[in-house]
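Chemist: The following file, run_7.cif, comprises mmCIF, C-alpha atoms:
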data_data
#
loop_
_atom_site.label_atom_id
_atom_site.label_comp_id
_atom_site.auth_asym_id
_atom_site.auth_seq_id
_atom_site.Cartn_x
_atom_site.Cartn_y
_atom_site.Cartn_z
CA MET A 34 -9.68 -20.64 -3.97
CA PHE A 35 -10.62 -23.21 -1.37
CA ALA A 36 -12.67 -20.84 0.79
CA ALA A 37 -15.79 -18.73 0.27
CA PRO A 38 -14.95 -15.45 -1.57
CA ALA A 39 -15.52 -13.30 1.55
CA ILE A 40 -13.14 -15.51 3.54
CA GLN A 41 -10.52 -15.44 0.77
CA ASN A 42 -10.85 -11.64 0.65
CA LEU A 43 -10.34 -11.37 4.41
CA LEU A 44 -7.30 -13.66 4.14
CA ASP A 45 -5.84 -11.43 1.42
CA GLU A 46 -6.34 -8.28 3.49
CA LEU A 47 -4.90 -9.87 6.64
CA GLU A 48 -1.81 -11.05 4.77
CA ARG A 49 -0.97 -7.41 3.96
CA LEU A 50 -0.37 -6.73 7.66
CA PRO A 51 3.26 -6.70 8.83
CA GLY A 52 4.42 -9.99 10.33
CA ILE A 53 1.28 -11.83 9.19
CA GLY A 54 1.92 -14.74 6.82
CA PRO A 55 -0.62 -17.14 5.30
CA LYS A 56 -0.77 -19.34 8.43
CA SER A 57 -1.34 -16.44 10.84
CA ALA A 58 -3.88 -14.89 8.46
CA GLN A 59 -5.77 -18.18 8.42
CA ARG A 60 -5.71 -18.48 12.19
CA ILE A 61 -6.99 -14.91 12.57
CA ALA A 62 -9.65 -15.31 9.84
CA TYR A 63 -11.09 -18.44 11.47
CA TRP A 64 -10.99 -16.71 14.84
CA ILE A 65 -13.01 -13.83 13.35
CA LEU A 66 -15.46 -16.33 11.79
CA ASN A 67 -15.88 -18.12 15.12
CA THR A 68 -16.08 -15.13 17.43
CA ASP A 69 -19.33 -13.34 18.18
CA HIS A 70 -20.53 -10.62 15.85
CA GLU A 71 -19.87 -7.84 18.36
CA THR A 72 -16.22 -8.65 19.02
CA ALA A 73 -15.50 -8.77 15.28
CA LEU A 74 -17.29 -5.47 14.67
CA ARG A 75 -15.37 -3.81 17.52
CA LEU A 76 -12.13 -4.63 15.69
CA SER A 77 -13.53 -3.39 12.39
CA GLU A 78 -14.71 -0.16 13.99
CA ALA A 79 -11.45 0.38 15.87
CA ILE A 80 -9.68 0.41 12.49
CA VAL A 81 -12.15 2.92 11.04
CA GLU A 82 -12.01 5.11 14.15
CA VAL A 83 -8.24 5.30 14.12
CA LYS A 84 -8.21 6.31 10.46
CA GLU A 85 -10.97 8.88 10.90
CA THR A 86 -10.00 10.54 14.17
CA VAL A 87 -6.21 10.29 14.45
CA HIS A 88 -4.11 12.99 12.80
CA PHE A 89 -0.68 14.53 13.38
CA CYS A 90 -0.28 16.94 16.29
CA PRO A 91 0.32 20.36 14.67
CA ARG A 92 2.99 21.16 17.26
CA CYS A 93 5.09 18.00 17.56
CA PHE A 94 3.79 15.66 14.77
CA ASN A 95 2.97 12.89 17.23
CA TYR A 96 -0.35 11.09 16.61
CA ALA A 97 -3.18 13.10 18.14
CA GLN A 98 -6.93 12.87 18.46
CA GLY A 99 -7.70 16.31 19.94
CA ASP A 100 -6.28 19.65 18.79
CA GLU A 101 -2.87 18.69 20.10
CA CYS A 102 -1.42 15.33 21.17
CA GLU A 103 -1.80 14.24 24.79
CA VAL A 104 1.77 15.22 25.66
CA CYS A 105 1.58 18.72 24.15
CA ALA A 106 -1.89 19.28 25.66
CA SER A 107 -0.72 18.29 29.16
CA THR A 108 0.03 21.15 31.56
CA LYS A 109 2.30 18.86 33.58
CA ARG A 110 5.14 18.54 31.08
CA ASP A 111 8.46 20.34 31.33
CA THR A 112 8.37 22.59 28.27
CA SER A 113 12.07 23.41 28.57
CA VAL A 114 13.17 19.94 27.42
CA LEU A 115 12.41 18.65 23.93
CA CYS A 116 13.02 15.05 22.86
CA VAL A 117 13.45 14.60 19.10
CA VAL A 118 12.40 11.18 17.75
CA GLU A 119 12.09 9.71 14.28
CA GLU A 120 8.54 8.31 14.47
CA PRO A 121 5.43 8.56 16.69
CA ARG A 122 5.97 4.89 17.60
CA ASP A 123 9.20 5.89 19.38
CA ILE A 124 7.25 7.94 21.96
CA PRO A 125 5.40 5.19 23.93
CA PRO A 126 8.64 3.33 24.83
CA ILE A 127 10.18 6.58 26.12
CA GLU A 128 7.00 7.39 28.09
CA ARG A 129 7.07 3.93 29.63
CA THR A 130 10.54 4.55 31.09
CA GLY A 131 8.95 7.07 33.45
CA VAL A 132 12.11 9.23 33.48
CA PHE A 133 11.31 11.78 30.77
CA PHE A 134 8.89 14.62 31.51
CA GLY A 135 9.56 17.01 28.63
CA ARG A 136 7.84 17.27 25.29
CA TYR A 137 8.55 15.64 21.94
CA HIS A 138 9.19 16.53 18.34
CA VAL A 139 8.65 13.86 15.68
CA LEU A 140 10.84 14.17 12.57
CA GLY A 141 8.83 11.71 10.48
CA GLY A 142 11.94 9.69 9.60
CA ALA A 143 15.72 10.08 9.46
CA LEU A 144 18.09 11.59 6.91
CA SER A 145 18.89 9.02 4.24
CA PRO A 146 20.51 10.18 1.00
CA MET A 147 20.14 6.58 -0.27
CA GLU A 148 16.36 6.85 -0.05
CA GLY A 149 16.27 10.49 -1.09
CA ILE A 150 15.25 11.72 2.35
CA GLY A 151 16.86 15.10 2.97
CA PRO A 152 16.15 17.78 5.62
CA ASP A 153 13.17 19.09 3.61
CA GLN A 154 11.38 15.71 3.84
CA LEU A 155 11.53 15.79 7.65
CA ASN A 156 9.82 18.10 10.17
CA ILE A 157 13.08 20.01 10.74
CA ALA A 158 11.90 23.48 9.71
CA ALA A 159 9.01 23.11 12.17
CA LEU A 160 11.51 22.05 14.86
CA MET A 161 13.61 25.18 14.28
CA ARG A 162 10.46 27.36 14.45
CA ARG A 163 9.59 25.72 17.79
CA LEU A 164 13.08 26.37 19.14
CA ALA A 165 12.73 30.02 18.10
CA SER A 166 9.31 30.53 19.74
CA GLU A 167 9.30 28.12 22.72
CA ASP A 168 11.62 28.50 25.69
CA VAL A 169 13.57 25.26 25.16
CA GLN A 170 16.75 24.78 27.22
CA GLU A 171 17.71 21.25 26.13
CA VAL A 172 17.10 19.12 23.03
CA VAL A 173 17.52 15.36 23.55
CA LEU A 174 18.30 13.69 20.22
CA ALA A 175 16.61 10.29 20.46
CA THR A 176 16.97 9.17 16.86
CA ASN A 177 17.84 5.49 16.36
CA PRO A 178 21.41 4.33 17.08
CA ASN A 179 22.00 3.34 13.43
CA VAL A 180 23.67 5.08 10.48
CA GLU A 181 20.63 7.20 9.49
CA GLY A 182 19.79 8.09 13.09
CA GLU A 183 23.38 9.10 13.91
CA THR A 184 23.63 11.17 10.72
CA THR A 185 20.38 12.94 11.61
CA ALA A 186 21.55 13.59 15.18
CA THR A 187 24.86 15.03 13.98
CA TYR A 188 23.05 17.24 11.45
CA LEU A 189 20.56 18.53 14.05
CA ALA A 190 23.28 19.11 16.66
CA ARG A 191 25.10 21.34 14.18
CA LEU A 192 21.90 23.33 13.53
CA ILE A 193 20.80 23.68 17.15
CA LYS A 194 24.02 24.25 19.12
CA PRO A 195 24.58 27.78 17.67
CA LEU A 196 21.21 28.79 19.24
CA GLY A 197 22.80 28.33 22.68
CA ILE A 198 20.57 25.34 23.48
CA THR A 199 22.08 22.28 25.21
CA VAL A 200 21.99 19.31 22.80
CA THR A 201 22.21 15.77 24.22
CA ARG A 202 22.10 12.29 22.72
CA LEU A 203 20.81 9.01 24.20
CA ALA A 204 23.69 6.99 25.68
CA SER A 205 24.95 3.96 23.79
CA GLY A 206 26.18 0.97 25.73
CA LEU A 207 25.32 -2.46 27.05
CA PRO A 208 21.62 -3.26 27.43
CA VAL A 209 20.67 -3.60 31.11
CA GLY A 210 20.43 -7.30 31.98
CA GLY A 211 22.49 -8.11 28.89
CA ASP A 212 25.50 -10.38 28.75
CA LEU A 213 28.93 -8.89 28.07
CA GLU A 214 29.93 -12.11 26.34
CA TYR A 215 27.15 -11.76 23.76
CA ALA A 216 27.42 -8.00 23.14
CA ASP A 217 28.43 -7.05 19.60
CA GLU A 218 31.81 -5.35 19.35
CA VAL A 219 30.40 -1.98 18.25
CA THR A 220 28.09 -1.76 21.27
CA LEU A 221 30.83 -2.95 23.61
CA GLY A 222 33.24 -0.43 22.05
CA ARG A 223 30.74 2.38 22.70
CA ALA A 224 30.23 1.19 26.28
CA LEU A 225 34.00 1.40 26.81
CA GLU A 226 34.39 4.80 25.18
CA GLN A 227 31.47 6.24 27.14
CA ARG A 228 32.49 4.62 30.45
CA ARG A 229 31.42 6.52 33.58
CA THR A 230 33.43 7.36 36.71
CA LEU A 231 31.85 5.70 39.77
CA MET B 253 -2.02 5.00 28.33
CA PHE B 254 0.82 6.42 26.24
CA ALA B 255 -1.15 6.62 23.00
CA ALA B 256 -4.25 8.49 21.83
CA PRO B 257 -7.44 6.69 23.02
CA ALA B 258 -8.37 5.49 19.52
CA ILE B 259 -4.90 3.97 19.09
CA GLN B 260 -5.04 2.34 22.53
CA ASN B 261 -8.47 0.95 21.63
CA LEU B 262 -7.15 -0.50 18.35
CA LEU B 263 -4.20 -2.03 20.24
CA ASP B 264 -6.61 -3.66 22.71
CA GLU B 265 -8.74 -5.12 19.93
CA LEU B 266 -5.72 -6.37 17.98
CA GLU B 267 -4.31 -8.09 21.05
CA ARG B 268 -7.42 -10.26 21.25
CA LEU B 269 -6.46 -11.94 17.97
CA PRO B 270 -4.78 -15.35 18.22
CA GLY B 271 -0.98 -15.22 18.06
CA ILE B 272 -0.92 -11.42 18.36
CA GLY B 273 0.95 -10.12 21.41
CA PRO B 274 1.58 -6.49 22.42
CA LYS B 275 4.57 -6.12 20.06
CA SER B 276 2.74 -7.48 17.00
CA ALA B 277 -0.36 -5.42 17.86
CA GLN B 278 1.81 -2.31 17.96
CA ARG B 279 3.46 -3.10 14.65
CA ILE B 280 0.05 -3.68 13.03
CA ALA B 281 -1.53 -0.57 14.62
CA TYR B 282 1.25 1.70 13.34
CA TRP B 283 1.01 0.05 9.94
CA ILE B 284 -2.72 0.84 9.89
CA LEU B 285 -2.02 4.42 10.98
CA ASN B 286 0.60 4.84 8.24
CA THR B 287 -1.20 3.13 5.39
CA ASP B 288 -3.62 4.96 3.11
CA HIS B 289 -7.24 5.29 4.15
CA GLU B 290 -8.50 2.90 1.48
CA THR B 291 -6.27 -0.04 2.41
CA ALA B 292 -7.27 0.25 6.07
CA LEU B 293 -10.97 0.45 5.19
CA ARG B 294 -10.69 -2.60 2.94
CA LEU B 295 -9.50 -4.61 5.96
CA SER B 296 -12.25 -3.20 8.15
CA GLU B 297 -14.88 -3.99 5.52
CA ALA B 298 -13.52 -7.50 4.89
CA ILE B 299 -14.16 -8.25 8.58
CA VAL B 300 -17.71 -6.90 8.40
CA GLU B 301 -18.43 -8.74 5.14
CA VAL B 302 -17.27 -12.08 6.50
CA LYS B 303 -19.47 -11.69 9.59
CA GLU B 304 -22.51 -10.57 7.60
CA THR B 305 -22.41 -12.92 4.62
CA VAL B 306 -20.77 -16.15 5.80
CA HIS B 307 -22.95 -18.81 7.44
CA PHE B 308 -22.85 -22.58 7.80
CA CYS B 309 -23.73 -24.71 4.78
CA PRO B 310 -27.05 -26.40 5.66
CA ARG B 311 -25.84 -29.66 4.12
CA CYS B 312 -22.26 -30.10 5.36
CA PHE B 313 -21.74 -27.27 7.92
CA ASN B 314 -18.73 -25.87 6.05
CA TYR B 315 -18.61 -22.07 5.82
CA ALA B 316 -20.78 -20.89 2.94
CA GLN B 317 -21.78 -17.63 1.32
CA GLY B 318 -24.49 -18.86 -1.08
CA ASP B 319 -27.29 -21.34 -0.29
CA GLU B 320 -24.75 -24.15 0.01
CA CYS B 321 -20.95 -24.10 0.34
CA GLU B 322 -18.83 -24.14 -2.82
CA VAL B 323 -18.09 -27.86 -2.53
CA CYS B 324 -21.73 -28.93 -2.03
CA ALA B 325 -22.90 -26.55 -4.79
CA SER B 326 -20.35 -27.92 -7.29
CA THR B 327 -21.66 -30.45 -9.84
CA LYS B 328 -18.13 -31.81 -10.32
CA ARG B 329 -17.76 -33.53 -6.96
CA ASP B 330 -18.04 -37.28 -6.39
CA THR B 331 -21.12 -37.50 -4.17
CA SER B 332 -20.39 -41.13 -3.29
CA VAL B 333 -17.43 -40.23 -1.03
CA LEU B 334 -17.88 -38.18 2.13
CA CYS B 335 -14.96 -36.82 4.14
CA VAL B 336 -15.79 -36.12 7.80
CA VAL B 337 -13.73 -33.34 9.41
CA GLU B 338 -13.84 -31.60 12.78
CA GLU B 339 -13.84 -27.95 11.63
CA PRO B 340 -14.34 -25.91 8.44
CA ARG B 341 -10.66 -24.91 8.67
CA ASP B 342 -9.71 -28.56 8.00
CA ILE B 343 -11.23 -28.41 4.50
CA PRO B 344 -8.83 -26.02 2.69
CA PRO B 345 -5.73 -28.17 3.48
CA ILE B 346 -7.50 -31.27 2.14
CA GLU B 347 -8.61 -29.39 -0.98
CA ARG B 348 -5.04 -28.22 -1.54
CA THR B 349 -3.80 -31.83 -1.74
CA GLY B 350 -5.69 -32.15 -5.02
CA VAL B 351 -6.38 -35.85 -4.39
CA PHE B 352 -9.87 -35.69 -2.85
CA PHE B 353 -12.89 -35.09 -5.05
CA GLY B 354 -15.75 -36.08 -2.78
CA ARG B 355 -17.83 -33.93 -0.47
CA TYR B 356 -17.39 -33.02 3.20
CA HIS B 357 -19.25 -33.15 6.49
CA VAL B 358 -18.12 -30.86 9.31
CA LEU B 359 -18.74 -32.16 12.83
CA GLY B 360 -18.11 -28.84 14.56
CA GLY B 361 -15.58 -30.39 16.96
CA ALA B 362 -14.62 -33.78 18.37
CA LEU B 363 -16.00 -35.93 21.18
CA SER B 364 -14.49 -34.82 24.48
CA PRO B 365 -16.10 -36.01 27.73
CA MET B 366 -13.59 -33.76 29.58
CA GLU B 367 -15.08 -30.68 27.92
CA GLY B 368 -18.62 -32.01 28.01
CA ILE B 369 -18.80 -32.50 24.24
CA GLY B 370 -20.91 -35.57 23.46
CA PRO B 371 -22.49 -36.77 20.19
CA ASP B 372 -25.41 -34.33 20.62
CA GLN B 373 -23.07 -31.34 20.56
CA LEU B 374 -21.69 -32.37 17.15
CA ASN B 375 -23.37 -32.52 13.71
CA ILE B 376 -23.64 -36.32 13.94
CA ALA B 377 -27.44 -36.66 13.64
CA ALA B 378 -27.23 -34.56 10.46
CA LEU B 379 -24.46 -36.85 9.18
CA MET B 380 -26.61 -39.93 9.75
CA ARG B 381 -29.53 -38.25 7.94
CA ARG B 382 -27.23 -37.53 4.98
CA LEU B 383 -26.03 -41.14 4.89
CA ALA B 384 -29.70 -42.27 4.85
CA SER B 385 -30.73 -39.94 2.02
CA GLU B 386 -27.57 -39.52 -0.12
CA ASP B 387 -25.98 -42.38 -2.02
CA VAL B 388 -22.71 -42.46 -0.09
CA GLN B 389 -20.39 -45.47 -0.65
CA GLU B 390 -17.42 -44.43 1.48
CA VAL B 391 -16.93 -42.23 4.54
CA VAL B 392 -13.36 -40.99 5.10
CA LEU B 393 -12.87 -40.12 8.77
CA ALA B 394 -10.45 -37.18 8.73
CA THR B 395 -10.69 -36.14 12.36
CA ASN B 396 -7.39 -35.11 13.98
CA PRO B 397 -4.85 -37.82 14.89
CA ASN B 398 -5.14 -37.04 18.64
CA VAL B 399 -7.12 -38.59 21.50
CA GLU B 400 -10.38 -36.71 20.80
CA GLY B 401 -10.13 -37.21 17.04
CA GLU B 402 -9.42 -40.94 17.37
CA THR B 403 -12.28 -41.38 19.85
CA THR B 404 -14.63 -39.59 17.47
CA ALA B 405 -13.46 -41.70 14.53
CA THR B 406 -13.97 -44.94 16.47
CA TYR B 407 -17.43 -43.80 17.59
CA LEU B 408 -18.47 -42.85 14.04
CA ALA B 409 -17.06 -46.05 12.53
CA ARG B 410 -19.22 -48.06 14.93
CA LEU B 411 -22.32 -46.07 13.88
CA ILE B 412 -21.68 -46.10 10.13
CA LYS B 413 -20.30 -49.60 9.40
CA PRO B 414 -23.66 -51.34 10.08
CA LEU B 415 -25.15 -49.26 7.21
CA GLY B 416 -22.93 -51.21 4.79
CA ILE B 417 -20.86 -48.13 3.97
CA THR B 418 -17.06 -48.41 3.68
CA VAL B 419 -15.42 -46.46 6.50
CA THR B 420 -11.79 -45.34 6.10
CA ARG B 421 -9.38 -43.33 8.20
CA LEU B 422 -6.47 -41.07 7.19
CA ALA B 423 -3.15 -42.96 7.37
CA SER B 424 -0.81 -42.20 10.26
CA GLY B 425 2.93 -42.31 9.64
CA LEU B 426 6.04 -40.29 8.95
CA PRO B 427 5.52 -36.84 7.44
CA VAL B 428 6.83 -36.72 3.86
CA GLY B 429 10.22 -34.99 3.84
CA GLY B 430 10.53 -35.66 7.56
CA ASP B 431 13.55 -37.13 9.30
CA LEU B 432 13.26 -40.62 10.82
CA GLU B 433 15.75 -39.56 13.48
CA TYR B 434 13.49 -36.79 14.72
CA ALA B 435 10.14 -38.61 14.51
CA ASP B 436 8.40 -39.08 17.86
CA GLU B 437 8.07 -42.72 18.93
CA VAL B 438 4.26 -42.85 18.62
CA THR B 439 4.34 -41.66 15.00
CA LEU B 440 7.22 -43.99 14.17
CA GLY B 441 5.37 -46.87 15.86
CA ARG B 442 2.29 -46.16 13.73
CA ALA B 443 4.42 -45.99 10.59
CA LEU B 444 5.82 -49.44 11.43
CA GLU B 445 2.44 -50.97 12.26
CA GLN B 446 0.88 -49.60 9.11
CA ARG B 447 3.84 -50.48 6.85
CA ARG B 448 2.98 -51.16 3.22
CA THR B 449 4.17 -53.98 0.94
CA LEU B 450 6.09 -52.55 -2.00
#
Once you've parsed the file, please lay out its structure as structure tokens.
Modeler:
Amino acid sequence: MFAAPAIQNLLDELERLPGIGPKSAQRIAYWILNTDHETALRLSEAIVEVKETVHFCPRCFNYAQGDECEVCASTKRDTSVLCVVEEPRDIPPIERTGVFFGRYHVLGGALSPMEGIGPDQLNIAALMRRLASEDVQEVVLATNPNVEGETTATYLARLIKPLGITVTRLASGLPVGGDLEYADEVTLGRALEQRRTL
Amino acid sequence: MFAAPAIQNLLDELERLPGIGPKSAQRIAYWILNTDHETALRLSEAIVEVKETVHFCPRCFNYAQGDECEVCASTKRDTSVLCVVEEPRDIPPIERTGVFFGRYHVLGGALSPMEGIGPDQLNIAALMRRLASEDVQEVVLATNPNVEGETTATYLARLIKPLGITVTRLASGLPVGGDLEYADEVTLGRALEQRRTL
């Protein structure tokens, strides 16, 4: 303990944050000590506000502050297309692309027998209820392109296809701006298999 | 705005922190959203506590929670040796060495004509008052080994030496465990100039 107890306590709490080691925690703690009272309190209050006002959207399980999340509450979205993602954090990157105008459904994870996550631990029953009550024409499976995400997509495709709904999956291939030389063989293999006619 | 307002607000506040870019802010914000209420509130309260209870030690200008900082309040320190540092953040690394048992004096910066920081902007008058009233035998100048730090050390040495007090400076040289091959020429030059007889 080479710092005042309150500083040591702040360091301990900061070090819990993801990607924050002792050096970063120290830099942030001294920044908080040096900054004006108001700026520091704004950060403290932003944390409290997020914990007190943000909950899961009852429709799609995205983070929401009002009754429904901003996407579900919008009247401008195409309700016939539903994009299924693993986590709420997957939604902002898709929104930023500016090419998707449908709604979302957040699973809350991916199937993983290793970690004991089966269909009942995910928001799959709620998804099926939505497909039964909403007029959805297409479900885009946007789970991660890894083992758990692919397993989940395959599982959902098998459940949803019999309902007569089009099921699609995000394309796999070379990242735009990427270098063919540095692509891993699995990605390059997918890019070849899923090659398009020009 | 692709996130609920409270989340966007938290992201904005997190991005103000040093070393935290948009990606890190997002990772931390989602961690806060996912963690239990109590853990998040502990962080929020640690920030408030530090701002409300930590002030400058009236003797040495280190951060303090009680009347004086922990070093000044300790009865186990050698009051005849005073280590002068630029900032409170310089004290923990010196304490961690385990080889310094004296007290500290924090200048609150270094002389920098470029930034308009002269002797009056630093805690130099307070240092001179301490040297007049406390029985200090040696002042260790531990300002940073850069232009501003060296200038400050030279300035202080000129002020303090006439008082008959021993003035020392941290040694410059190769970092322990470092590689001679990769040392910059200035550091290597210092290490040569300040070579010791074995």
Chemist: Counting only C-alpha atoms, which residue out of A:Ser77, A:Thr220, A:Asn67, A:Gln41 sits closest to chain B?
Modeler: A:Ser77
Chemist: What does the distance between atom CA of Arg202 of chain A and atom CA of Ala175 of chain A come to in Å, to one decimal place?
Modeler: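 Result for atom CA of Arg202 of chain A versus atom CA of Ala175 of chain A: 6.3 Å, one decimal.
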Chemist: Return the single residue from B:Leu334, B:Asn314, B:Val300, B:Gly441 that is closest to Arg382 of chain B, with distances computed using all atoms listed in the file.
Modeler: B:Leu334
Chemist: Distance cut-off 8 Å, counting all atoms listed in the file - which residues of chain A neighbour chain B? Return them as a compact mmCIF listing (two decimals) with C-alpha atoms, in the frame of the given file.
Modeler:
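Contents of the output file selection_22.txt:
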# COMPACT_ATOMS: atom_id res chain seq x y z
CA PHE A 35 -10.62 -23.21 -1.37
CA ALA A 36 -12.67 -20.84 0.79
CA ALA A 37 -15.79 -18.73 0.27
CA PRO A 38 -14.95 -15.45 -1.57
CA ALA A 39 -15.52 -13.30 1.55
CA ILE A 40 -13.14 -15.51 3.54
CA ASN A 42 -10.85 -11.64 0.65
CA LEU A 43 -10.34 -11.37 4.41
CA GLU A 46 -6.34 -8.28 3.49
CA LEU A 47 -4.90 -9.87 6.64
CA LEU A 50 -0.37 -6.73 7.66
CA PRO A 51 3.26 -6.70 8.83
CA GLY A 52 4.42 -9.99 10.33
CA SER A 57 -1.34 -16.44 10.84
CA ARG A 60 -5.71 -18.48 12.19
CA ILE A 61 -6.99 -14.91 12.57
CA TYR A 63 -11.09 -18.44 11.47
CA TRP A 64 -10.99 -16.71 14.84
CA ILE A 65 -13.01 -13.83 13.35
CA LEU A 66 -15.46 -16.33 11.79
CA HIS A 70 -20.53 -10.62 15.85
CA ALA A 73 -15.50 -8.77 15.28
CA LEU A 74 -17.29 -5.47 14.67
CA ARG A 75 -15.37 -3.81 17.52
CA LEU A 76 -12.13 -4.63 15.69
CA SER A 77 -13.53 -3.39 12.39
CA GLU A 78 -14.71 -0.16 13.99
CA ALA A 79 -11.45 0.38 15.87
CA ILE A 80 -9.68 0.41 12.49
CA VAL A 81 -12.15 2.92 11.04
CA GLU A 82 -12.01 5.11 14.15
CA VAL A 83 -8.24 5.30 14.12
CA LYS A 84 -8.21 6.31 10.46
CA THR A 86 -10.00 10.54 14.17
CA VAL A 87 -6.21 10.29 14.45
CA TYR A 96 -0.35 11.09 16.61
CA ALA A 97 -3.18 13.10 18.14
CA GLN A 98 -6.93 12.87 18.46
CA CYS A 102 -1.42 15.33 21.17
CA GLU A 103 -1.80 14.24 24.79
CA ARG A 122 5.97 4.89 17.60
CA ILE A 124 7.25 7.94 21.96
CA PRO A 125 5.40 5.19 23.93
CA GLU A 128 7.00 7.39 28.09
CA ARG A 129 7.07 3.93 29.63
Chemist: Tell me, in Å to one decimal, how far atom CA of Pro397 of chain B is from atom CA of Glu338 of chain B.
Modeler: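 If I compute the distance from atom CA of Pro397 of chain B to atom CA of Glu338 of chain B, I get 11.1 Å.
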Chemist: For this file, the PyMOL selection byres ((chain B and resi 359) around 8) selects which residues, as a PyMOL selection string?
Modeler: chain B and resi 313+336-339+357-358+360-362+374-376
Chemist: Could you tell me, as a PyMOL selection string, exactly which residues end up selected when the PyMOL selection byres ((chain B and resi 324-329) around 8) is applied to this structure?
Modeler: chain B and resi 311-312+320-323+330-331+353-356
Chemist: Do you have the atom CA of Ile417 of chain B-atom CA of Asn396 of chain B distance handy?
Modeler: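 Separation of atom CA of Ile417 of chain B and atom CA of Asn396 of chain B: 21.2 Å.
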Chemist: Determine, counting all atoms listed in the file, which protein, DNA and RNA residues have an atom within 12 Å of an atom of segment 413-416 of chain B; residues of the same chain fewer than 4 positions away are not included. Present the result as a list in words.
Modeler: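 The neighbour list is Met380, Arg381, Leu383, Ala384, Asp387, Val388, Gln389, Glu390, Val391, Val392, Ala405, Thr406, Tyr407, Leu408, Ala409 and Thr420 of chain B.
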Chemist: Apply the PyMOL selection byres ((chain B and resi 446) around 8) to the file shown and report the selected residues as a PyMOL selection string.
Modeler: chain B and resi 423-425+442-445+447-448
